[in-house]
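Enquirer: The structure file upload-v2.pdb (PDB, C-alpha atoms, pLDDT in the B column) is provided below.
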ATOM      1  CA  MET S 174     120.294 126.728 101.037  1.00 28.00           C
ATOM      2  CA  ALA S 175     119.974 127.227  97.283  1.00 34.00           C
ATOM      3  CA  ASP S 176     117.074 125.876  95.268  1.00 41.00           C
ATOM      4  CA  SER S 177     115.025 124.816  98.300  1.00 48.00           C
ATOM      5  CA  ARG S 178     111.521 123.499  97.715  1.00 75.00           C
ATOM      6  CA  TRP S 179     108.735 124.204 100.158  1.00 83.00           C
ATOM      7  CA  VAL S 180     105.422 122.482 100.874  1.00 84.00           C
ATOM      8  CA  ALA S 181     102.362 123.547 102.827  1.00 89.00           C
ATOM      9  CA  VAL S 182     101.195 120.672 105.027  1.00 88.00           C
ATOM     10  CA  PHE S 183      97.507 120.000 105.706  1.00 91.00           C
ATOM     11  CA  LYS S 184      95.748 117.544 108.054  1.00 91.00           C
ATOM     12  CA  VAL S 185      93.305 115.489 105.999  1.00 86.00           C
ATOM     13  CA  THR S 186      90.783 112.923 107.187  1.00 86.00           C
ATOM     14  CA  GLU S 187      89.620 110.293 104.713  1.00 80.00           C
ATOM     15  CA  LEU S 188      87.785 107.081 105.510  1.00 79.00           C
ATOM     16  CA  GLY S 189      88.189 107.771 109.228  1.00 82.00           C
ATOM     17  CA  LYS S 190      91.999 108.104 108.991  1.00 82.00           C
ATOM     18  CA  THR S 191      93.863 111.364 109.563  1.00 83.00           C
ATOM     19  CA  PHE S 192      97.145 111.998 107.778  1.00 80.00           C
ATOM     20  CA  GLU S 193      99.266 114.858 106.472  1.00 81.00           C
ATOM     21  CA  ARG S 194      99.037 115.920 102.827  1.00 81.00           C
ATOM     22  CA  PRO S 195     101.702 118.249 101.410  1.00 82.00           C
ATOM     23  CA  LYS S 196     100.898 120.766  98.669  1.00 84.00           C
ATOM     24  CA  PRO S 197     103.675 122.534  96.749  1.00 82.00           C
ATOM     25  CA  VAL S 198     104.260 126.189  97.591  1.00 87.00           C
ATOM     26  CA  ALA S 199     103.962 128.138  94.330  1.00 87.00           C
ATOM     27  CA  GLY S 200     105.346 131.386  95.732  1.00 90.00           C
ATOM     28  CA  TRP S 201     105.213 133.922  98.552  1.00 93.00           C
ATOM     29  CA  ASP S 202     103.102 137.056  98.939  1.00 94.00           C
ATOM     30  CA  ASP S 203     104.475 140.445 100.062  1.00 94.00           C
ATOM     31  CA  GLY S 204     103.738 139.524 103.698  1.00 94.00           C
ATOM     32  CA  GLY S 205     105.853 136.343 103.498  1.00 93.00           C
ATOM     33  CA  ASN S 206     102.827 134.002 103.424  1.00 95.00           C
ATOM     34  CA  ALA S 207     103.127 130.783 101.426  1.00 94.00           C
ATOM     35  CA  LEU S 208     100.883 130.655  98.357  1.00 94.00           C
ATOM     36  CA  ILE S 209      99.361 127.444  96.984  1.00 92.00           C
ATOM     37  CA  LEU S 210      97.223 126.805  93.939  1.00 89.00           C
ATOM     38  CA  ASP S 211      93.475 126.634  94.514  1.00 88.00           C
ATOM     39  CA  ARG S 212      92.517 124.512  91.503  1.00 83.00           C
ATOM     40  CA  LYS S 213      88.780 125.153  91.862  1.00 85.00           C
ATOM     41  CA  ALA S 214      89.201 128.935  91.937  1.00 85.00           C
ATOM     42  CA  GLY S 215      92.096 128.898  89.458  1.00 87.00           C
ATOM     43  CA  ARG S 216      94.245 131.229  91.555  1.00 92.00           C
ATOM     44  CA  LEU S 217      96.890 131.333  94.255  1.00 94.00           C
ATOM     45  CA  VAL S 218      95.708 131.557  97.866  1.00 95.00           C
ATOM     46  CA  GLN S 219      97.440 131.883 101.223  1.00 96.00           C
ATOM     47  CA  ALA S 220      98.093 128.377 102.562  1.00 96.00           C
ATOM     48  CA  ASN S 221      97.545 129.414 106.185  1.00 96.00           C
ATOM     49  CA  LYS S 222      93.963 130.494 105.396  1.00 95.00           C
ATOM     50  CA  GLU S 223      92.951 127.076 104.011  1.00 95.00           C
ATOM     51  CA  PRO S 224      91.195 124.418 106.163  1.00 94.00           C
ATOM     52  CA  GLY S 225      93.501 121.897 107.850  1.00 94.00           C
ATOM     53  CA  PHE S 226      96.668 123.982 107.471  1.00 96.00           C
ATOM     54  CA  VAL S 227      99.457 122.764 109.789  1.00 94.00           C
ATOM     55  CA  ALA S 228     102.739 124.341 108.700  1.00 92.00           C
ATOM     56  CA  VAL S 229     105.095 125.181 105.871  1.00 92.00           C
ATOM     57  CA  ARG S 230     108.069 122.840 105.697  1.00 86.00           C
ATOM     58  CA  GLU S 231     111.151 122.571 103.560  1.00 80.00           C
ATOM     59  CA  SER S 232     110.803 119.663 101.175  1.00 73.00           C
ATOM     60  CA  ALA S 233     113.482 117.013 101.070  1.00 61.00           C
ATOM     61  CA  GLY S 234     113.926 117.804  97.392  1.00 61.00           C
ATOM     62  CA  TYR S 235     113.132 114.390  95.990  1.00 60.00           C
ATOM     63  CA  ALA S 236     114.849 113.924  92.669  1.00 60.00           C
ATOM     64  CA  ASP S 237     113.400 110.669  91.389  1.00 75.00           C
ATOM     65  CA  ALA S 238     111.231 107.691  92.284  1.00 78.00           C
ATOM     66  CA  PHE S 239     111.479 104.053  91.295  1.00 84.00           C
ATOM     67  CA  PRO S 240     109.374 100.931  91.954  1.00 89.00           C
ATOM     68  CA  ALA S 241     110.368  98.526  94.702  1.00 89.00           C
ATOM     69  CA  PRO S 242     111.186  94.957  93.733  1.00 90.00           C
ATOM     70  CA  PRO S 243     108.434  92.577  94.909  1.00 91.00           C
ATOM     71  CA  GLY S 244     108.572  91.478  98.535  1.00 93.00           C
ATOM     72  CA  TRP S 245     109.825  94.630 100.300  1.00 93.00           C
ATOM     73  CA  THR S 246     107.851  95.510 103.448  1.00 94.00           C
ATOM     74  CA  VAL S 247     107.993  97.788 106.475  1.00 93.00           C
ATOM     75  CA  ARG S 248     107.389  96.029 109.790  1.00 93.00           C
ATOM     76  CA  TRP S 249     106.143  98.294 112.597  1.00 92.00           C
ATOM     77  CA  CYS S 250     107.303  96.801 115.911  1.00 93.00           C
ATOM     78  CA  LYS S 251     106.314  97.562 119.498  1.00 90.00           C
ATOM     79  CA  ASP S 252     106.976  95.469 122.589  1.00 89.00           C
ATOM     80  CA  GLY S 253     103.860  93.665 123.768  1.00 88.00           C
ATOM     81  CA  ALA S 254     101.896  94.321 120.559  1.00 89.00           C
ATOM     82  CA  ASP S 255     101.419  92.497 117.284  1.00 91.00           C
ATOM     83  CA  ASP S 256     103.524  93.845 114.431  1.00 90.00           C
ATOM     84  CA  ILE S 257     101.885  95.748 111.580  1.00 89.00           C
ATOM     85  CA  VAL S 258     103.305  94.945 108.141  1.00 92.00           C
ATOM     86  CA  ASP S 259     102.892  97.295 105.165  1.00 92.00           C
ATOM     87  CA  PRO S 260     104.039  96.561 101.589  1.00 94.00           C
ATOM     88  CA  VAL S 261     106.620  98.866 100.001  1.00 93.00           C
ATOM     89  CA  VAL S 262     105.640  99.829  96.448  1.00 92.00           C
ATOM     90  CA  GLY S 263     108.561 102.121  95.628  1.00 90.00           C
ATOM     91  CA  PHE S 264     111.353 104.365  96.821  1.00 87.00           C
ATOM     92  CA  ILE S 265     111.916 108.091  96.355  1.00 83.00           C
ATOM     93  CA  GLU S 266     115.414 109.463  96.227  1.00 76.00           C
ATOM     94  CA  ASP S 267     116.202 111.903  98.995  1.00 66.00           C
ATOM     95  CA  PRO S 268     119.599 113.592  99.135  1.00 58.00           C
ATOM     96  CA  ALA S 269     119.431 113.452 102.942  1.00 55.00           C
ATOM     97  CA  VAL S 270     118.804 109.684 103.127  1.00 59.00           C
ATOM     98  CA  ASP S 271     121.207 107.164 101.609  1.00 58.00           C
ATOM     99  CA  GLY S 272     119.253 104.655  99.548  1.00 63.00           C
ATOM    100  CA  GLY S 273     115.971 106.532  99.411  1.00 73.00           C
ATOM    101  CA  VAL S 274     112.716 106.746 101.366  1.00 82.00           C
ATOM    102  CA  PRO S 275     110.137 103.934 101.109  1.00 87.00           C
ATOM    103  CA  LEU S 276     106.710 104.574  99.598  1.00 88.00           C
ATOM    104  CA  ILE S 277     104.239 102.391 101.466  1.00 90.00           C
ATOM    105  CA  ALA S 278     100.806 101.141 100.495  1.00 87.00           C
ATOM    106  CA  ASP S 279      98.617 102.006 103.483  1.00 79.00           C
ATOM    107  CA  LEU S 280      96.018  99.326 102.814  1.00 77.00           C
ATOM    108  CA  GLU S 281      93.621 100.552 105.511  1.00 73.00           C
ATOM    109  CA  ALA S 282      93.441 104.100 104.109  1.00 72.00           C
ATOM    110  CA  CYS S 283      93.878 102.982 100.463  1.00 76.00           C
ATOM    111  CA  VAL S 284      96.661 105.530  99.813  1.00 79.00           C
ATOM    112  CA  ILE S 285     100.381 105.499  99.060  1.00 82.00           C
ATOM    113  CA  ARG S 286     102.374 107.333 101.732  1.00 82.00           C
ATOM    114  CA  GLN S 287     106.041 107.909 102.372  1.00 81.00           C
ATOM    115  CA  LEU S 288     107.497 106.342 105.505  1.00 81.00           C
ATOM    116  CA  ARG S 289     107.997 109.586 107.459  1.00 76.00           C
ATOM    117  CA  SER S 290     104.369 110.658 107.026  1.00 76.00           C
ATOM    118  CA  MET S 291     103.258 107.400 108.659  1.00 80.00           C
ATOM    119  CA  LEU S 292     105.241 107.925 111.877  1.00 78.00           C
ATOM    120  CA  SER S 293     102.485 110.085 113.391  1.00 73.00           C
ATOM    121  CA  ASP S 294      99.690 107.671 112.408  1.00 76.00           C
ATOM    122  CA  ASN S 295      97.670 106.721 115.516  1.00 73.00           C
ATOM    123  CA  GLN S 296      98.013 103.002 114.883  1.00 78.00           C
ATOM    124  CA  ARG S 297     101.774 103.204 114.307  1.00 83.00           C
ATOM    125  CA  ARG S 298     102.725 105.763 116.969  1.00 82.00           C
ATOM    126  CA  GLY S 299     105.330 104.371 119.340  1.00 86.00           C
ATOM    127  CA  ARG S 300     106.319 101.579 116.938  1.00 89.00           C
ATOM    128  CA  ARG S 301     109.732 101.170 115.309  1.00 89.00           C
ATOM    129  CA  PRO S 302     109.675 100.912 111.504  1.00 91.00           C
ATOM    130  CA  ILE S 303     112.006  98.243 110.150  1.00 91.00           C
ATOM    131  CA  LEU S 304     112.557  98.020 106.394  1.00 91.00           C
ATOM    132  CA  MET S 305     112.476  94.337 105.455  1.00 92.00           C
ATOM    133  CA  PRO S 306     113.980  93.117 102.150  1.00 91.00           C
ATOM    134  CA  PRO S 307     112.342  90.274 100.202  1.00 90.00           C
ATOM    135  CA  ASN S 308     112.575  86.816 101.809  1.00 81.00           C
ATOM    136  CA  SER S 309     113.663  88.213 105.184  1.00 62.00           C
ATOM    137  CA  GLU S 310     110.646  86.519 106.801  1.00 56.00           C
ATOM    138  CA  SER S 311     111.885  83.092 105.775  1.00 46.00           C
ATOM    139  CA  ALA S 312     115.288  83.787 107.351  1.00 44.00           C
ATOM    140  CA  ARG S 313     113.763  83.913 110.861  1.00 48.00           C
TER     141      ARG S 313
END
In structure tokens, how does this file's structure come out?
Expert:
Amino acid sequence: MADSRWVAVFKVTELGKTFERPKPVAGWDDGGNALILDRKAGRLVQANKEPGFVAVRESAGYADAFPAPPGWTVRWCKDGADDIVDPVVGFIEDPAVDGGVPLIADLEACVIRQLRSMLSDNQRRGRRPILMPPNSESAR
């Protein structure tokens, strides 16, 4: 695949919540290890030697992002449990997904996350995400 982008993925815990944080891969060393920028040291380091390293993954190659019109939400559904509703603040274009990937305001962690990164969240595990357009609540 030409022009692939790669990210090193790290497990991060903030405010009691654990989530994945991608960092762009800047290059590869002679041993095939992914290199990321260590901003504090001002140099490239091997990603797999940094705390919280999970894996290197191919990026979806997002081309652009745009804000969501007011009222878009993602409803996380699970039989026998109350739904969790998160506001959508934008969409990122992804060549693999028609229409883009939602960017969600995770109000409990106070961060913006893309939909796929939230699927492994402890609170949302086992729930189905349903993208809800504005005014879909009033149609019920």
Enquirer: Kindly give the distance, in Å, that separates CA of Gly225 (chain S) and CA of Cys250 (chain S), rounded to a single decimal.
Expert: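 That distance, rounded to one decimal, is 29.8 Å.
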Enquirer: Residues picked by the PyMOL selection byres ((chain S and resi 182-193) around 9) here, as an mmCIF file with C-alpha atoms, in the frame of the given file?
Expert:
data_model
loop_
_atom_site.group_PDB
_atom_site.id
_atom_site.type_symbol
_atom_site.label_atom_id
_atom_site.label_comp_id
_atom_site.auth_asym_id
_atom_site.auth_seq_id
_atom_site.Cartn_x
_atom_site.Cartn_y
_atom_site.Cartn_z
ATOM 1 C CA VAL S 180 105.422 122.482 100.874
ATOM 2 C CA ALA S 181 102.362 123.547 102.827
ATOM 3 C CA ARG S 194 99.037 115.920 102.827
ATOM 4 C CA PRO S 195 101.702 118.249 101.410
ATOM 5 C CA LYS S 196 100.898 120.766 98.669
ATOM 6 C CA PRO S 197 103.675 122.534 96.749
ATOM 7 C CA ALA S 220 98.093 128.377 102.562
ATOM 8 C CA GLU S 223 92.951 127.076 104.011
ATOM 9 C CA PRO S 224 91.195 124.418 106.163
ATOM 10 C CA GLY S 225 93.501 121.897 107.850
ATOM 11 C CA PHE S 226 96.668 123.982 107.471
ATOM 12 C CA VAL S 227 99.457 122.764 109.789
ATOM 13 C CA ALA S 228 102.739 124.341 108.700
ATOM 14 C CA VAL S 229 105.095 125.181 105.871
ATOM 15 C CA ARG S 230 108.069 122.840 105.697
ATOM 16 C CA GLU S 281 93.621 100.552 105.511
ATOM 17 C CA ALA S 282 93.441 104.100 104.109
ATOM 18 C CA CYS S 283 93.878 102.982 100.463
ATOM 19 C CA SER S 290 104.369 110.658 107.026
ATOM 20 C CA MET S 291 103.258 107.400 108.659
ATOM 21 C CA SER S 293 102.485 110.085 113.391
ATOM 22 C CA ASP S 294 99.690 107.671 112.408
ATOM 23 C CA ASN S 295 97.670 106.721 115.516
#
Enquirer: Starting from the displayed file, determine the output of the PyMOL selection byres ((chain S and resi 253-268) around 12) and express the residue list as a PDB file with C-alpha atoms, in the frame of the given file.
Expert:
ATOM      1  CA  SER S 232     110.803 119.663 101.175  1.00 73.00           C
ATOM      2  CA  ALA S 233     113.482 117.013 101.070  1.00 61.00           C
ATOM      3  CA  GLY S 234     113.926 117.804  97.392  1.00 61.00           C
ATOM      4  CA  TYR S 235     113.132 114.390  95.990  1.00 60.00           C
ATOM      5  CA  ALA S 236     114.849 113.924  92.669  1.00 60.00           C
ATOM      6  CA  ASP S 237     113.400 110.669  91.389  1.00 75.00           C
ATOM      7  CA  ALA S 238     111.231 107.691  92.284  1.00 78.00           C
ATOM      8  CA  PHE S 239     111.479 104.053  91.295  1.00 84.00           C
ATOM      9  CA  PRO S 240     109.374 100.931  91.954  1.00 89.00           C
ATOM     10  CA  ALA S 241     110.368  98.526  94.702  1.00 89.00           C
ATOM     11  CA  PRO S 242     111.186  94.957  93.733  1.00 90.00           C
ATOM     12  CA  PRO S 243     108.434  92.577  94.909  1.00 91.00           C
ATOM     13  CA  GLY S 244     108.572  91.478  98.535  1.00 93.00           C
ATOM     14  CA  TRP S 245     109.825  94.630 100.300  1.00 93.00           C
ATOM     15  CA  THR S 246     107.851  95.510 103.448  1.00 94.00           C
ATOM     16  CA  VAL S 247     107.993  97.788 106.475  1.00 93.00           C
ATOM     17  CA  ARG S 248     107.389  96.029 109.790  1.00 93.00           C
ATOM     18  CA  TRP S 249     106.143  98.294 112.597  1.00 92.00           C
ATOM     19  CA  CYS S 250     107.303  96.801 115.911  1.00 93.00           C
ATOM     20  CA  LYS S 251     106.314  97.562 119.498  1.00 90.00           C
ATOM     21  CA  ASP S 252     106.976  95.469 122.589  1.00 89.00           C
ATOM     22  CA  ALA S 269     119.431 113.452 102.942  1.00 55.00           C
ATOM     23  CA  VAL S 270     118.804 109.684 103.127  1.00 59.00           C
ATOM     24  CA  ASP S 271     121.207 107.164 101.609  1.00 58.00           C
ATOM     25  CA  GLY S 272     119.253 104.655  99.548  1.00 63.00           C
ATOM     26  CA  GLY S 273     115.971 106.532  99.411  1.00 73.00           C
ATOM     27  CA  VAL S 274     112.716 106.746 101.366  1.00 82.00           C
ATOM     28  CA  PRO S 275     110.137 103.934 101.109  1.00 87.00           C
ATOM     29  CA  LEU S 276     106.710 104.574  99.598  1.00 88.00           C
ATOM     30  CA  ILE S 277     104.239 102.391 101.466  1.00 90.00           C
ATOM     31  CA  ALA S 278     100.806 101.141 100.495  1.00 87.00           C
ATOM     32  CA  ASP S 279      98.617 102.006 103.483  1.00 79.00           C
ATOM     33  CA  LEU S 280      96.018  99.326 102.814  1.00 77.00           C
ATOM     34  CA  GLU S 281      93.621 100.552 105.511  1.00 73.00           C
ATOM     35  CA  ALA S 282      93.441 104.100 104.109  1.00 72.00           C
ATOM     36  CA  CYS S 283      93.878 102.982 100.463  1.00 76.00           C
ATOM     37  CA  VAL S 284      96.661 105.530  99.813  1.00 79.00           C
ATOM     38  CA  ILE S 285     100.381 105.499  99.060  1.00 82.00           C
ATOM     39  CA  ARG S 286     102.374 107.333 101.732  1.00 82.00           C
ATOM     40  CA  GLN S 287     106.041 107.909 102.372  1.00 81.00           C
ATOM     41  CA  LEU S 288     107.497 106.342 105.505  1.00 81.00           C
ATOM     42  CA  ARG S 289     107.997 109.586 107.459  1.00 76.00           C
ATOM     43  CA  MET S 291     103.258 107.400 108.659  1.00 80.00           C
ATOM     44  CA  GLN S 296      98.013 103.002 114.883  1.00 78.00           C
ATOM     45  CA  ARG S 297     101.774 103.204 114.307  1.00 83.00           C
ATOM     46  CA  ARG S 298     102.725 105.763 116.969  1.00 82.00           C
ATOM     47  CA  GLY S 299     105.330 104.371 119.340  1.00 86.00           C
ATOM     48  CA  ARG S 300     106.319 101.579 116.938  1.00 89.00           C
ATOM     49  CA  ARG S 301     109.732 101.170 115.309  1.00 89.00           C
ATOM     50  CA  PRO S 302     109.675 100.912 111.504  1.00 91.00           C
ATOM     51  CA  ILE S 303     112.006  98.243 110.150  1.00 91.00           C
ATOM     52  CA  LEU S 304     112.557  98.020 106.394  1.00 91.00           C
ATOM     53  CA  MET S 305     112.476  94.337 105.455  1.00 92.00           C
ATOM     54  CA  PRO S 306     113.980  93.117 102.150  1.00 91.00           C
ATOM     55  CA  PRO S 307     112.342  90.274 100.202  1.00 90.00           C
ATOM     56  CA  GLU S 310     110.646  86.519 106.801  1.00 56.00           C
TER      57      GLU S 310
END
Enquirer: Measuring atom to atom with all atoms listed in the file, identify which of S:Leu292, S:Arg178, S:Ala214, S:Asn308 is nearest to Gly200 (chain S).
Expert: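 Once distances to Gly200 (chain S) are computed over all atoms listed in the file, the minimum belongs to S:Arg178.
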Enquirer: Mind pulling up the distance from CA of Lys213 (chain S) to CA of Glu231 (chain S)?
Expert: 25.4 Å
Enquirer: Provide region 191-204 of chain S rebuilt to N, CA and C atoms, formatted as a CSV table (one decimal), in the frame of the given file.
Expert:
chain,number,residue,atom,x,y,z
S,191,THR,N,93.3,110.0,109.7
S,191,THR,CA,93.9,111.4,109.6
S,191,THR,C,95.3,111.2,109.2
S,192,PHE,N,95.8,112.0,108.2
S,192,PHE,CA,97.1,112.0,107.8
S,192,PHE,C,97.5,113.4,107.2
S,193,GLU,N,98.8,113.6,107.0
S,193,GLU,CA,99.3,114.9,106.5
S,193,GLU,C,99.4,114.8,105.0
S,194,ARG,N,98.9,115.8,104.3
S,194,ARG,CA,99.0,115.9,102.8
S,194,ARG,C,99.8,117.2,102.5
S,195,PRO,N,101.0,117.1,101.8
S,195,PRO,CA,101.7,118.2,101.4
S,195,PRO,C,101.2,118.8,100.1
S,196,LYS,N,101.2,120.1,99.9
S,196,LYS,CA,100.9,120.8,98.7
S,196,LYS,C,102.1,121.7,98.3
S,197,PRO,N,102.5,121.7,97.1
S,197,PRO,CA,103.7,122.5,96.7
S,197,PRO,C,103.4,124.0,96.9
S,198,VAL,N,104.4,124.7,97.5
S,198,VAL,CA,104.3,126.2,97.6
S,198,VAL,C,104.7,126.8,96.2
S,199,ALA,N,103.7,127.6,95.7
S,199,ALA,CA,104.0,128.1,94.3
S,199,ALA,C,104.7,129.5,94.4
S,200,GLY,N,104.7,130.1,95.6
S,200,GLY,CA,105.3,131.4,95.7
S,200,GLY,C,105.0,132.0,97.1
S,201,TRP,N,105.4,133.2,97.3
S,201,TRP,CA,105.2,133.9,98.6
S,201,TRP,C,104.6,135.3,98.3
S,202,ASP,N,103.7,135.7,99.1
S,202,ASP,CA,103.1,137.1,98.9
S,202,ASP,C,104.0,138.1,99.6
S,203,ASP,N,103.6,139.4,99.5
S,203,ASP,CA,104.5,140.4,100.1
S,203,ASP,C,104.6,140.4,101.6
S,204,GLY,N,103.7,139.7,102.2
S,204,GLY,CA,103.7,139.5,103.7
S,204,GLY,C,104.5,138.3,104.1
